[in-house]
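S.K.: My questions will all concern the structure given below.
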Amino acid sequence: MTAASYFTGSDEAGSAATLKDDERRERLAIAGLSLPALLLVAVCLIIPVGSLLALSFIGAQGNLSLENYQRLIDNKAYLAIFLTTFEISAVITLICMLLGYPLAYFITLLPPRAVGFAMLAIILPFWTSLLVRTYAWMVLLQKQGLVNSTLLKLGVIDEPIALLHNYAGTVIGMSHIMLPFLVLPLYGAMKAIDHDLIRAAANLGAGPIVRFWTVSFPLSLPGLGAGALIVFVLSLGFYVTPALLGGGKVTMVAMRIQKSVALYPNWGAASALAVVLLVVTALVLLLGLWIWRRNRGNRPVMS
Amino acid sequence: MTSLPISIRSLTKAHGALTVLDGVDLDVRSGEFMTLLGPSGSGKTTLLMVIAGFIRPSSGQVLVGDKDMTRVPPHRRDLGMVFQNYALFPHMTVGENVAYPLKRRSYSKAEIADKVNAALKIVQLEALSERYPSQLSGGQKQRIALARAVSFDPRILLMDEPLSALDKKLREHMQIEIRDLHDRLGITTIYVTHDQREALTMSDRIAVINEGRIAQVDAPAALYEKPKNLFVADFIGDSTILPLHREAGRLMLNGAPIHPGCAPEAIGTAPHLVIRPEKLEVLRDGQLPAGQNLIEGALRSALFQGDSVLVQVELADGAVLSLRQPGRHNLPEPGHRIRLGLPIADTVVLAGA
Ligand SMILES: Nc1ncnc2c1ncn2[C@@H]1O[C@H](COP(=O)(O)OP(=O)(O)OP(=O)(O)O)[C@@H](O)[C@H]1O
Ligand SMILES: [Mg+2]
């Protein structure tokens, strides 16, 4: 588009027209090719979300009403669920940041062949189903599981500790599943840092620690932010792992939605919850985008 | 501020089987502008990186002043360096970039501010201190990189092709500015380039590097007029290099004698004649001034190139040599015989490989 307007502004009107035609044709072709995907998005996203939105405004008597939302406000239990969801997502994000940062940094220091291997190890879990990974954690974390028996053998603990069906289990399992989402963008950002910048810092008198805090770390922050945002947003809507590892002691919004539908078929209540979760998630994303834009505005990441 | 000499002693660097630097010896005098010049892959950057401390040599030493720097980590070497792609910190303003080395040293806030200002003044960009590098033009980035490299009064300045990303006009302007800055600060400078014109313009002396070895170290004029080997003769300037034959102790080119500018015994095996295009003169028929060698051939072409005419002459054995003269005077028709004079004093004959 910029190219087209640029050329239209030039005095070679003939070639400008051709270029513009070419570009229009190309756009049409691309639009045609993306049509199936667009249709899929429309069918699988817009229609369900639209009906969700509609359902949330329909009361118990099938009338148009705000009672589903009113209940979310009146019943303090819902607020608690949202707070738990936020808290768990924040804790998971923090843990992923603390574990993921050194991990990503470590991978950048590996020789090329080892990097491929490390990346494979990080991406490998994506190839098994979420359910399998979650059950694997159940096996590991149970009373007679590997974690407890190892800790017992090492004498760290005297009797098995409860790692499953509680907050701890939820956090451990979810952190593991979310970690790659943080490491991948972070590693990308770290990898993109021009090595000459580190050399320049050294040349100008900065030792390894100062180099890290003044150059590597600030330049990796956009990647860390992107990864953290992805982890936080995915955690907000997470269902399978907290449902299986939390053992009913930890209720997140997605689980409450499922309950509303499955236990007491209350589509209105479930829809209202889902809409609120959707809006909150969208707001978090927008906030992240806004921070990113603002930082890019006055502190460009790449020259 | 006193500047320091640099002494590089039999420096060798090998990457596995590949020897990148092969016994480099080089002495840079205090306050000197020394250029490392050589073709791509000859080891210039590697040598500079060894001096800066980013690459550890396989053997040999780097001395600054009388201090052995070979094992000193880069952040304790106190050398200013300008990187090829500037390496300005993108997340810091121009002012913060220039202050970076000062903050690593024990200066007060006020001193840092003063020194940042002074450094920006040297490159005439005081007004830009609040900008981020991405808001600068190539030439401005270049100057800020320079300001940052000299803001902490280093004893030595290293530059790796600092102008290669700039267009020709700006490059020529910056060449003068950098040389000017060097003269004002009197700082020992090692400058890397593969642009011979840049090297000839800026340097006190040039070290020509080929395949990890120093081919010759000399002042620009000496390097041009008196190359010591065929590599330098070929690499610097547009030379024509022609093999000569020895007959009865004399050097012959296509059956005609050539008197070298030096003693013929000093030349060794496989002598070659090195001809600079501007040293040749077209002679009129029958004319042969004293003190000149005569070379005969046929005019192949005469190309007008604005400031000069490039004349190509084909010799009896099919070799072609070029000469340059201001106009078309004395030139025969293409294909006709042409006689060229080469002053004996300018007749460079070197041993072949
Ligand atoms: N880490 C490395 N491993 C193996 N070989 C290397 C390494 N670094 C450089 N080399 C080789 O060393 C030689 C010299 O490289 P160097 O970068 O010093 O050349 P240069 O003279 O600066 O060239 P240019 O003008 O292209 O910048 C090259 O052949 C290069 O391929
Ligand atoms: Mg180089």
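Identifiers in the structure tokens: chain A, B, ... in order shown; residue index from 1 per chain; ligand index from 1 in order shown.
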With a cut-off of 8 Å and counting only C-alpha atoms, select all residues of chain B in contact with chain A and give the selection as a ChimeraX atom specification.

M.R.: /B:52,54,74-81,83,87-92,100-101,104-105,132-134,149

S.K.: Produce as a list of chain:residue names the set of residues near ligand 2, where near means within 7 Å with only C-alpha atoms and all ligand atoms considered.

M.R.: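 Based on only C-alpha atoms and all ligand atoms, ligand 2 is surrounded within 7 Å by B:Ser40, B:Lys44, B:Thr45, B:Asp160.
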
S.K.: Export, as a PDB file, in the first residue's frame, the selected residues with all heavy atoms.

M.R.:
ATOM      1  N   SER B  40      39.635  -9.183   2.033  1.00  0.00           N
ATOM      2  CA  SER B  40      38.670  -9.817   2.924  1.00  0.00           C
ATOM      3  C   SER B  40      39.201 -11.166   3.385  1.00  0.00           C
ATOM      4  O   SER B  40      39.746 -11.930   2.601  1.00  0.00           O
ATOM      5  CB  SER B  40      37.353  -9.988   2.178  1.00  0.00           C
ATOM      6  OG  SER B  40      36.364 -10.393   3.065  1.00  0.00           O
ATOM      7  N   LYS B  44      42.396  -9.071   9.466  1.00  0.00           N
ATOM      8  CA  LYS B  44      42.430  -7.734  10.062  1.00  0.00           C
ATOM      9  C   LYS B  44      41.572  -7.650  11.321  1.00  0.00           C
ATOM     10  O   LYS B  44      42.039  -7.199  12.380  1.00  0.00           O
ATOM     11  CB  LYS B  44      41.925  -6.681   9.054  1.00  0.00           C
ATOM     12  CG  LYS B  44      42.614  -6.727   7.722  1.00  0.00           C
ATOM     13  CD  LYS B  44      42.072  -5.674   6.785  1.00  0.00           C
ATOM     14  CE  LYS B  44      40.619  -5.871   6.392  1.00  0.00           C
ATOM     15  NZ  LYS B  44      40.388  -7.013   5.482  1.00  0.00           N
ATOM     16  N   THR B  45      40.321  -8.075  11.192  1.00  0.00           N
ATOM     17  CA  THR B  45      39.417  -8.020  12.347  1.00  0.00           C
ATOM     18  C   THR B  45      39.947  -8.888  13.476  1.00  0.00           C
ATOM     19  O   THR B  45      39.929  -8.482  14.643  1.00  0.00           O
ATOM     20  CB  THR B  45      38.010  -8.480  11.931  1.00  0.00           C
ATOM     21  OG1 THR B  45      37.513  -7.584  10.946  1.00  0.00           O
ATOM     22  CG2 THR B  45      37.057  -8.483  13.112  1.00  0.00           C
ATOM     23  N   ASP B 160      37.329  -0.677  13.497  1.00  0.00           N
ATOM     24  CA  ASP B 160      37.190  -1.735  12.499  1.00  0.00           C
ATOM     25  C   ASP B 160      36.240  -1.280  11.400  1.00  0.00           C
ATOM     26  O   ASP B 160      35.030  -1.261  11.591  1.00  0.00           O
ATOM     27  CB  ASP B 160      36.677  -3.015  13.156  1.00  0.00           C
ATOM     28  CG  ASP B 160      36.746  -4.208  12.201  1.00  0.00           C
ATOM     29  OD1 ASP B 160      37.213  -4.021  11.053  1.00  0.00           O
ATOM     30  OD2 ASP B 160      36.342  -5.296  12.592  1.00  0.00           O
TER      31      ASP B 160
END

S.K.: Can you check which residues of range 3-98 of chain A DSSP gives as alpha helix (DSSP H) on the backbone and send them as number ranges by chain?

M.R.: A: 3-9, 13-41, 47-56, 67-74, 76-98

S.K.: Please produce an output containing C-alpha atoms for each residue in the selection, written as a CSV table (one decimal), in the first residue's frame.

M.R.:
chain,number,residue,atom,x,y,z
A,3,ALA,CA,4.6,1.4,-2.3
A,4,ALA,CA,1.5,2.0,-4.3
A,5,SER,CA,0.9,5.5,-2.9
A,6,TYR,CA,4.5,6.3,-3.3
A,7,PHE,CA,4.5,5.4,-6.9
A,8,THR,CA,1.3,7.1,-7.6
A,9,GLY,CA,2.9,10.3,-6.4
A,13,ALA,CA,1.8,7.6,-14.1
A,14,GLY,CA,1.8,4.6,-16.5
A,15,SER,CA,3.9,2.4,-14.5
A,16,ALA,CA,2.2,3.6,-11.3
A,17,ALA,CA,-1.1,2.4,-12.6
A,18,THR,CA,0.3,-1.0,-13.5
A,19,LEU,CA,2.0,-1.4,-10.1
A,20,LYS,CA,-1.3,-0.5,-8.4
A,21,ASP,CA,-3.2,-3.0,-10.5
A,22,ASP,CA,-0.6,-5.7,-9.7
A,23,GLU,CA,-0.9,-4.9,-6.1
A,24,ARG,CA,-4.7,-5.1,-6.2
A,25,ARG,CA,-4.6,-8.4,-8.0
A,26,GLU,CA,-2.1,-9.7,-5.4
A,27,ARG,CA,-4.3,-8.6,-2.6
A,28,LEU,CA,-7.3,-10.3,-4.1
A,29,ALA,CA,-5.4,-13.5,-4.6
A,30,ILE,CA,-4.2,-13.5,-1.0
A,31,ALA,CA,-7.7,-12.7,0.2
A,32,GLY,CA,-8.9,-15.6,-1.8
A,33,LEU,CA,-6.3,-17.9,-0.3
A,34,SER,CA,-7.1,-16.8,3.2
A,35,LEU,CA,-10.8,-17.3,2.7
A,36,PRO,CA,-11.0,-20.8,4.2
A,37,ALA,CA,-9.1,-19.7,7.2
A,38,LEU,CA,-11.3,-16.6,7.6
A,39,LEU,CA,-14.4,-18.8,7.3
A,40,LEU,CA,-13.0,-21.1,9.9
A,41,VAL,CA,-12.4,-18.2,12.3
A,47,ILE,CA,-20.5,-17.5,16.0
A,48,PRO,CA,-19.8,-19.2,19.4
A,49,VAL,CA,-18.6,-16.0,21.0
A,50,GLY,CA,-21.6,-14.2,19.6
A,51,SER,CA,-24.0,-16.8,20.9
A,52,LEU,CA,-22.2,-16.8,24.2
A,53,LEU,CA,-22.6,-13.1,24.5
A,54,ALA,CA,-26.3,-13.5,23.6
A,55,LEU,CA,-26.9,-16.3,26.1
A,56,SER,CA,-25.3,-14.3,28.9
A,67,GLU,CA,-29.6,-11.2,36.1
A,68,ASN,CA,-26.6,-13.4,35.2
A,69,TYR,CA,-24.2,-10.5,35.6
A,70,GLN,CA,-26.1,-9.3,38.7
A,71,ARG,CA,-25.4,-12.7,40.3
A,72,LEU,CA,-21.7,-12.4,39.6
A,73,ILE,CA,-21.7,-9.2,41.5
A,74,ASP,CA,-23.9,-10.3,44.4
A,76,LYS,CA,-19.0,-13.0,46.7
A,77,ALA,CA,-17.9,-16.6,45.7
A,78,TYR,CA,-17.5,-15.5,42.1
A,79,LEU,CA,-15.2,-12.6,43.0
A,80,ALA,CA,-13.2,-15.1,45.0
A,81,ILE,CA,-12.9,-17.4,42.0
A,82,PHE,CA,-11.7,-14.5,39.9
A,83,LEU,CA,-9.2,-13.5,42.5
A,84,THR,CA,-7.9,-17.1,42.8
A,85,THR,CA,-7.6,-17.2,39.0
A,86,PHE,CA,-5.6,-14.0,38.9
A,87,GLU,CA,-3.5,-15.1,41.8
A,88,ILE,CA,-2.6,-18.5,40.4
A,89,SER,CA,-1.9,-17.0,37.0
A,90,ALA,CA,0.4,-14.4,38.6
A,91,VAL,CA,2.2,-17.0,40.6
A,92,ILE,CA,2.6,-19.3,37.6
A,93,THR,CA,3.9,-16.3,35.5
A,94,LEU,CA,6.3,-15.4,38.2
A,95,ILE,CA,7.6,-18.9,38.6
A,96,CYS,CA,7.9,-19.3,34.8
A,97,MET,CA,9.9,-16.0,34.7
A,98,LEU,CA,12.2,-17.1,37.5

S.K.: Which chain B residues have any atom within 7 Å of an atom of ligand 1, and for each, what is the nearest pair of atoms with distance in Å to one decimal, counting only C-alpha atoms and all ligand atoms, rows sorted by chain and number, as JSON lines?

M.R.:
{"residue": "B:His15", "atom": "CA", "partner": "ligand 1", "partner_atom_place_in_ligand_line": "4 (C)", "distance": 4.9}
{"residue": "B:Leu18", "atom": "CA", "partner": "ligand 1", "partner_atom_place_in_ligand_line": "5 (N)", "distance": 6.8}
{"residue": "B:Val20", "atom": "CA", "partner": "ligand 1", "partner_atom_place_in_ligand_line": "12 (O)", "distance": 4.8}
{"residue": "B:Gly38", "atom": "CA", "partner": "ligand 1", "partner_atom_place_in_ligand_line": "21 (O)", "distance": 6.3}
{"residue": "B:Pro39", "atom": "CA", "partner": "ligand 1", "partner_atom_place_in_ligand_line": "25 (O)", "distance": 5.8}
{"residue": "B:Ser40", "atom": "CA", "partner": "ligand 1", "partner_atom_place_in_ligand_line": "25 (O)", "distance": 3.5}
{"residue": "B:Gly41", "atom": "CA", "partner": "ligand 1", "partner_atom_place_in_ligand_line": "19 (O)", "distance": 3.5}
{"residue": "B:Ser42", "atom": "CA", "partner": "ligand 1", "partner_atom_place_in_ligand_line": "21 (O)", "distance": 3.9}
{"residue": "B:Gly43", "atom": "CA", "partner": "ligand 1", "partner_atom_place_in_ligand_line": "18 (O)", "distance": 3.1}
{"residue": "B:Lys44", "atom": "CA", "partner": "ligand 1", "partner_atom_place_in_ligand_line": "21 (O)", "distance": 3.7}
{"residue": "B:Thr45", "atom": "CA", "partner": "ligand 1", "partner_atom_place_in_ligand_line": "22 (O)", "distance": 3.6}
{"residue": "B:Thr46", "atom": "CA", "partner": "ligand 1", "partner_atom_place_in_ligand_line": "18 (O)", "distance": 3.7}
{"residue": "B:Leu47", "atom": "CA", "partner": "ligand 1", "partner_atom_place_in_ligand_line": "18 (O)", "distance": 6.5}
{"residue": "B:His194", "atom": "CA", "partner": "ligand 1", "partner_atom_place_in_ligand_line": "25 (O)", "distance": 5.8}

S.K.: Take the selection from the previous step and output its residues with N, CA, C and O atoms, as a PDB file, in the first residue's frame.

M.R.:
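Just written: part.pdb:
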ATOM      1  N   HIS B  15      42.233 -21.255  14.171  1.00  0.00           N
ATOM      2  CA  HIS B  15      40.932 -21.879  14.435  1.00  0.00           C
ATOM      3  C   HIS B  15      41.030 -23.289  13.896  1.00  0.00           C
ATOM      4  O   HIS B  15      40.901 -23.499  12.700  1.00  0.00           O
ATOM      5  N   LEU B  18      42.867 -24.008  10.561  1.00  0.00           N
ATOM      6  CA  LEU B  18      42.989 -22.750   9.825  1.00  0.00           C
ATOM      7  C   LEU B  18      43.815 -21.741  10.623  1.00  0.00           C
ATOM      8  O   LEU B  18      43.432 -21.352  11.728  1.00  0.00           O
ATOM      9  N   VAL B  20      44.721 -18.173  11.119  1.00  0.00           N
ATOM     10  CA  VAL B  20      44.166 -16.881  10.727  1.00  0.00           C
ATOM     11  C   VAL B  20      45.216 -15.782  10.869  1.00  0.00           C
ATOM     12  O   VAL B  20      45.289 -14.868  10.053  1.00  0.00           O
ATOM     13  N   GLY B  38      44.055  -4.924   4.018  1.00  0.00           N
ATOM     14  CA  GLY B  38      44.228  -6.252   3.428  1.00  0.00           C
ATOM     15  C   GLY B  38      42.923  -6.730   2.835  1.00  0.00           C
ATOM     16  O   GLY B  38      41.865  -6.191   3.147  1.00  0.00           O
ATOM     17  N   PRO B  39      42.997  -7.742   1.988  1.00  0.00           N
ATOM     18  CA  PRO B  39      41.769  -8.253   1.377  1.00  0.00           C
ATOM     19  C   PRO B  39      40.862  -8.906   2.422  1.00  0.00           C
ATOM     20  O   PRO B  39      41.282  -9.151   3.552  1.00  0.00           O
ATOM     21  N   SER B  40      39.635  -9.183   2.033  1.00  0.00           N
ATOM     22  CA  SER B  40      38.670  -9.817   2.924  1.00  0.00           C
ATOM     23  C   SER B  40      39.201 -11.166   3.385  1.00  0.00           C
ATOM     24  O   SER B  40      39.746 -11.930   2.601  1.00  0.00           O
ATOM     25  N   GLY B  41      39.066 -11.414   4.665  1.00  0.00           N
ATOM     26  CA  GLY B  41      39.504 -12.693   5.204  1.00  0.00           C
ATOM     27  C   GLY B  41      40.978 -12.773   5.515  1.00  0.00           C
ATOM     28  O   GLY B  41      41.490 -13.834   5.863  1.00  0.00           O
ATOM     29  N   SER B  42      41.690 -11.643   5.419  1.00  0.00           N
ATOM     30  CA  SER B  42      43.131 -11.682   5.649  1.00  0.00           C
ATOM     31  C   SER B  42      43.491 -11.696   7.131  1.00  0.00           C
ATOM     32  O   SER B  42      44.634 -11.918   7.489  1.00  0.00           O
ATOM     33  N   GLY B  43      42.520 -11.417   7.998  1.00  0.00           N
ATOM     34  CA  GLY B  43      42.805 -11.481   9.435  1.00  0.00           C
ATOM     35  C   GLY B  43      42.833 -10.135  10.141  1.00  0.00           C
ATOM     36  O   GLY B  43      43.233 -10.055  11.301  1.00  0.00           O
ATOM     37  N   LYS B  44      42.396  -9.071   9.466  1.00  0.00           N
ATOM     38  CA  LYS B  44      42.430  -7.734  10.062  1.00  0.00           C
ATOM     39  C   LYS B  44      41.572  -7.650  11.321  1.00  0.00           C
ATOM     40  O   LYS B  44      42.039  -7.199  12.380  1.00  0.00           O
ATOM     41  N   THR B  45      40.321  -8.075  11.192  1.00  0.00           N
ATOM     42  CA  THR B  45      39.417  -8.020  12.347  1.00  0.00           C
ATOM     43  C   THR B  45      39.947  -8.888  13.476  1.00  0.00           C
ATOM     44  O   THR B  45      39.929  -8.482  14.643  1.00  0.00           O
ATOM     45  N   THR B  46      40.439 -10.065  13.126  1.00  0.00           N
ATOM     46  CA  THR B  46      40.976 -10.955  14.148  1.00  0.00           C
ATOM     47  C   THR B  46      42.104 -10.273  14.915  1.00  0.00           C
ATOM     48  O   THR B  46      42.138 -10.303  16.150  1.00  0.00           O
ATOM     49  N   LEU B  47      43.001  -9.617  14.191  1.00  0.00           N
ATOM     50  CA  LEU B  47      44.114  -8.933  14.853  1.00  0.00           C
ATOM     51  C   LEU B  47      43.601  -7.837  15.788  1.00  0.00           C
ATOM     52  O   LEU B  47      44.040  -7.712  16.930  1.00  0.00           O
ATOM     53  N   HIS B 194      39.494  -2.175   4.213  1.00  0.00           N
ATOM     54  CA  HIS B 194      40.007  -2.846   3.024  1.00  0.00           C
ATOM     55  C   HIS B 194      39.940  -1.907   1.819  1.00  0.00           C
ATOM     56  O   HIS B 194      40.115  -2.329   0.686  1.00  0.00           O
TER      57      HIS B 194
END

S.K.: Mind checking which residues fall within 7 Å of Ser7 in chain B, counting only C-alpha atoms, ignoring those fewer than 4 positions away in the same chain, and posting them as a PDB file with all heavy atoms, in the first residue's frame?

M.R.:
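Resulting contents of around.pdb:
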ATOM      1  N   LEU B  26      54.277  -6.353  14.844  1.00  0.00           N
ATOM      2  CA  LEU B  26      53.919  -5.005  14.409  1.00  0.00           C
ATOM      3  C   LEU B  26      54.169  -4.044  15.555  1.00  0.00           C
ATOM      4  O   LEU B  26      53.779  -4.300  16.692  1.00  0.00           O
ATOM      5  CB  LEU B  26      52.438  -4.976  14.008  1.00  0.00           C
ATOM      6  CG  LEU B  26      51.895  -3.648  13.462  1.00  0.00           C
ATOM      7  CD1 LEU B  26      52.581  -3.280  12.166  1.00  0.00           C
ATOM      8  CD2 LEU B  26      50.388  -3.756  13.241  1.00  0.00           C
ATOM      9  N   ASP B  27      54.847  -2.953  15.246  1.00  0.00           N
ATOM     10  CA  ASP B  27      55.064  -1.921  16.253  1.00  0.00           C
ATOM     11  C   ASP B  27      54.349  -0.657  15.836  1.00  0.00           C
ATOM     12  O   ASP B  27      54.602  -0.124  14.764  1.00  0.00           O
ATOM     13  CB  ASP B  27      56.563  -1.654  16.430  1.00  0.00           C
ATOM     14  CG  ASP B  27      57.176  -2.685  17.348  1.00  0.00           C
ATOM     15  OD1 ASP B  27      56.851  -2.656  18.543  1.00  0.00           O
ATOM     16  OD2 ASP B  27      57.952  -3.540  16.850  1.00  0.00           O
ATOM     17  N   VAL B  28      53.449  -0.194  16.677  1.00  0.00           N
ATOM     18  CA  VAL B  28      52.745   1.052  16.409  1.00  0.00           C
ATOM     19  C   VAL B  28      53.312   2.081  17.362  1.00  0.00           C
ATOM     20  O   VAL B  28      53.322   1.879  18.577  1.00  0.00           O
ATOM     21  CB  VAL B  28      51.225   0.888  16.633  1.00  0.00           C
ATOM     22  CG1 VAL B  28      50.498   2.152  16.201  1.00  0.00           C
ATOM     23  CG2 VAL B  28      50.705  -0.307  15.866  1.00  0.00           C
ATOM     24  N   VAL B  62      50.705  -9.118  23.138  1.00  0.00           N
ATOM     25  CA  VAL B  62      50.295  -7.755  22.831  1.00  0.00           C
ATOM     26  C   VAL B  62      50.780  -6.874  23.977  1.00  0.00           C
ATOM     27  O   VAL B  62      50.399  -7.084  25.128  1.00  0.00           O
ATOM     28  CB  VAL B  62      48.761  -7.632  22.708  1.00  0.00           C
ATOM     29  CG1 VAL B  62      48.369  -6.184  22.443  1.00  0.00           C
ATOM     30  CG2 VAL B  62      48.236  -8.538  21.616  1.00  0.00           C
ATOM     31  N   LEU B  63      51.639  -5.919  23.657  1.00  0.00           N
ATOM     32  CA  LEU B  63      52.139  -5.006  24.686  1.00  0.00           C
ATOM     33  C   LEU B  63      51.594  -3.617  24.422  1.00  0.00           C
ATOM     34  O   LEU B  63      51.611  -3.134  23.293  1.00  0.00           O
ATOM     35  CB  LEU B  63      53.664  -4.958  24.665  1.00  0.00           C
ATOM     36  CG  LEU B  63      54.372  -6.293  24.893  1.00  0.00           C
ATOM     37  CD1 LEU B  63      55.778  -6.243  24.345  1.00  0.00           C
ATOM     38  CD2 LEU B  63      54.404  -6.614  26.374  1.00  0.00           C
ATOM     39  N   VAL B  64      51.089  -2.980  25.472  1.00  0.00           N
ATOM     40  CA  VAL B  64      50.684  -1.582  25.359  1.00  0.00           C
ATOM     41  C   VAL B  64      51.573  -0.818  26.326  1.00  0.00           C
ATOM     42  O   VAL B  64      51.592  -1.119  27.515  1.00  0.00           O
ATOM     43  CB  VAL B  64      49.203  -1.390  25.706  1.00  0.00           C
ATOM     44  CG1 VAL B  64      48.868   0.094  25.758  1.00  0.00           C
ATOM     45  CG2 VAL B  64      48.330  -2.084  24.677  1.00  0.00           C
TER      46      VAL B  64
END

S.K.: Could you please determine the separation between CA of Pro162 in chain B and CA of Ser220 in chain A in Å, to one decimal place?

M.R.: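 If I compute the distance from CA of Pro162 in chain B to CA of Ser220 in chain A, I get 26.8 Å.
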
S.K.: Enumerate, as a PyMOL selection string, the complete set of residues in range 124-265 of chain B that a backbone-based DSSP assignment places in strand (DSSP E).

M.R.: chain B and resi 156-160+188-193+205-210+213-218+240-243+245-247+250-253+256-258

S.K.: Write out the residues from the selection above, keeping C-alpha atoms, as a PDB file, in the first residue's frame.

M.R.:
ATOM      1  CA  ILE B 156      44.532   3.816  22.271  1.00  0.00           C
ATOM      2  CA  LEU B 157      41.749   3.950  19.705  1.00  0.00           C
ATOM      3  CA  LEU B 158      40.780   0.927  17.615  1.00  0.00           C
ATOM      4  CA  MET B 159      38.466   1.140  14.624  1.00  0.00           C
ATOM      5  CA  ASP B 160      37.190  -1.735  12.499  1.00  0.00           C
ATOM      6  CA  THR B 188      47.590   6.029  19.102  1.00  0.00           C
ATOM      7  CA  THR B 189      45.148   4.669  16.556  1.00  0.00           C
ATOM      8  CA  ILE B 190      44.782   1.357  14.766  1.00  0.00           C
ATOM      9  CA  TYR B 191      42.348   1.579  11.917  1.00  0.00           C
ATOM     10  CA  VAL B 192      41.102  -1.358   9.853  1.00  0.00           C
ATOM     11  CA  THR B 193      39.944  -0.980   6.282  1.00  0.00           C
ATOM     12  CA  ARG B 205      51.774   4.136   8.158  1.00  0.00           C
ATOM     13  CA  ILE B 206      49.950   1.182   6.666  1.00  0.00           C
ATOM     14  CA  ALA B 207      50.408  -2.462   7.526  1.00  0.00           C
ATOM     15  CA  VAL B 208      49.363  -4.564   4.548  1.00  0.00           C
ATOM     16  CA  ILE B 209      48.095  -7.953   5.691  1.00  0.00           C
ATOM     17  CA  ASN B 210      47.738 -10.997   3.517  1.00  0.00           C
ATOM     18  CA  ARG B 213      50.875 -12.259   7.634  1.00  0.00           C
ATOM     19  CA  ILE B 214      52.197  -8.722   7.434  1.00  0.00           C
ATOM     20  CA  ALA B 215      53.263  -8.210   3.828  1.00  0.00           C
ATOM     21  CA  GLN B 216      54.757  -4.732   4.354  1.00  0.00           C
ATOM     22  CA  VAL B 217      54.609  -1.861   6.836  1.00  0.00           C
ATOM     23  CA  ASP B 218      55.378   1.561   5.408  1.00  0.00           C
ATOM     24  CA  THR B 240      50.311  -3.963 -14.533  1.00  0.00           C
ATOM     25  CA  ILE B 241      52.622  -6.809 -13.593  1.00  0.00           C
ATOM     26  CA  LEU B 242      54.649  -8.456 -16.368  1.00  0.00           C
ATOM     27  CA  PRO B 243      57.057 -11.376 -16.069  1.00  0.00           C
ATOM     28  CA  HIS B 245      63.279 -12.978 -18.596  1.00  0.00           C
ATOM     29  CA  ARG B 246      66.904 -13.056 -17.689  1.00  0.00           C
ATOM     30  CA  GLU B 247      69.337 -13.139 -20.615  1.00  0.00           C
ATOM     31  CA  ARG B 250      70.072  -8.646 -18.162  1.00  0.00           C
ATOM     32  CA  LEU B 251      66.331  -8.378 -17.658  1.00  0.00           C
ATOM     33  CA  MET B 252      64.324  -8.587 -20.867  1.00  0.00           C
ATOM     34  CA  LEU B 253      60.702  -7.824 -21.747  1.00  0.00           C
ATOM     35  CA  ALA B 256      63.943  -5.555 -25.151  1.00  0.00           C
ATOM     36  CA  PRO B 257      66.145  -4.786 -22.143  1.00  0.00           C
ATOM     37  CA  ILE B 258      64.658  -3.341 -18.978  1.00  0.00           C
TER      38      ILE B 258
END

S.K.: For each of A:Val250, A:Gly227, A:Thr241, A:Arg113, take the minimum atom-to-atom distance to Leu184 in chain A, counting only C-alpha atoms, then give the residue where this is smallest.

M.R.: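 For Leu184 in chain A, the nearest of the given residues is A:Gly227.
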
S.K.: Write out as a PyMOL selection string which residues come within 12 Å of Val139 in chain A when counting only C-alpha atoms, dropping same-chain ones fewer than 5 positions away.

M.R.: chain A and resi 132-134+144-149+163-165+169+173+244-245
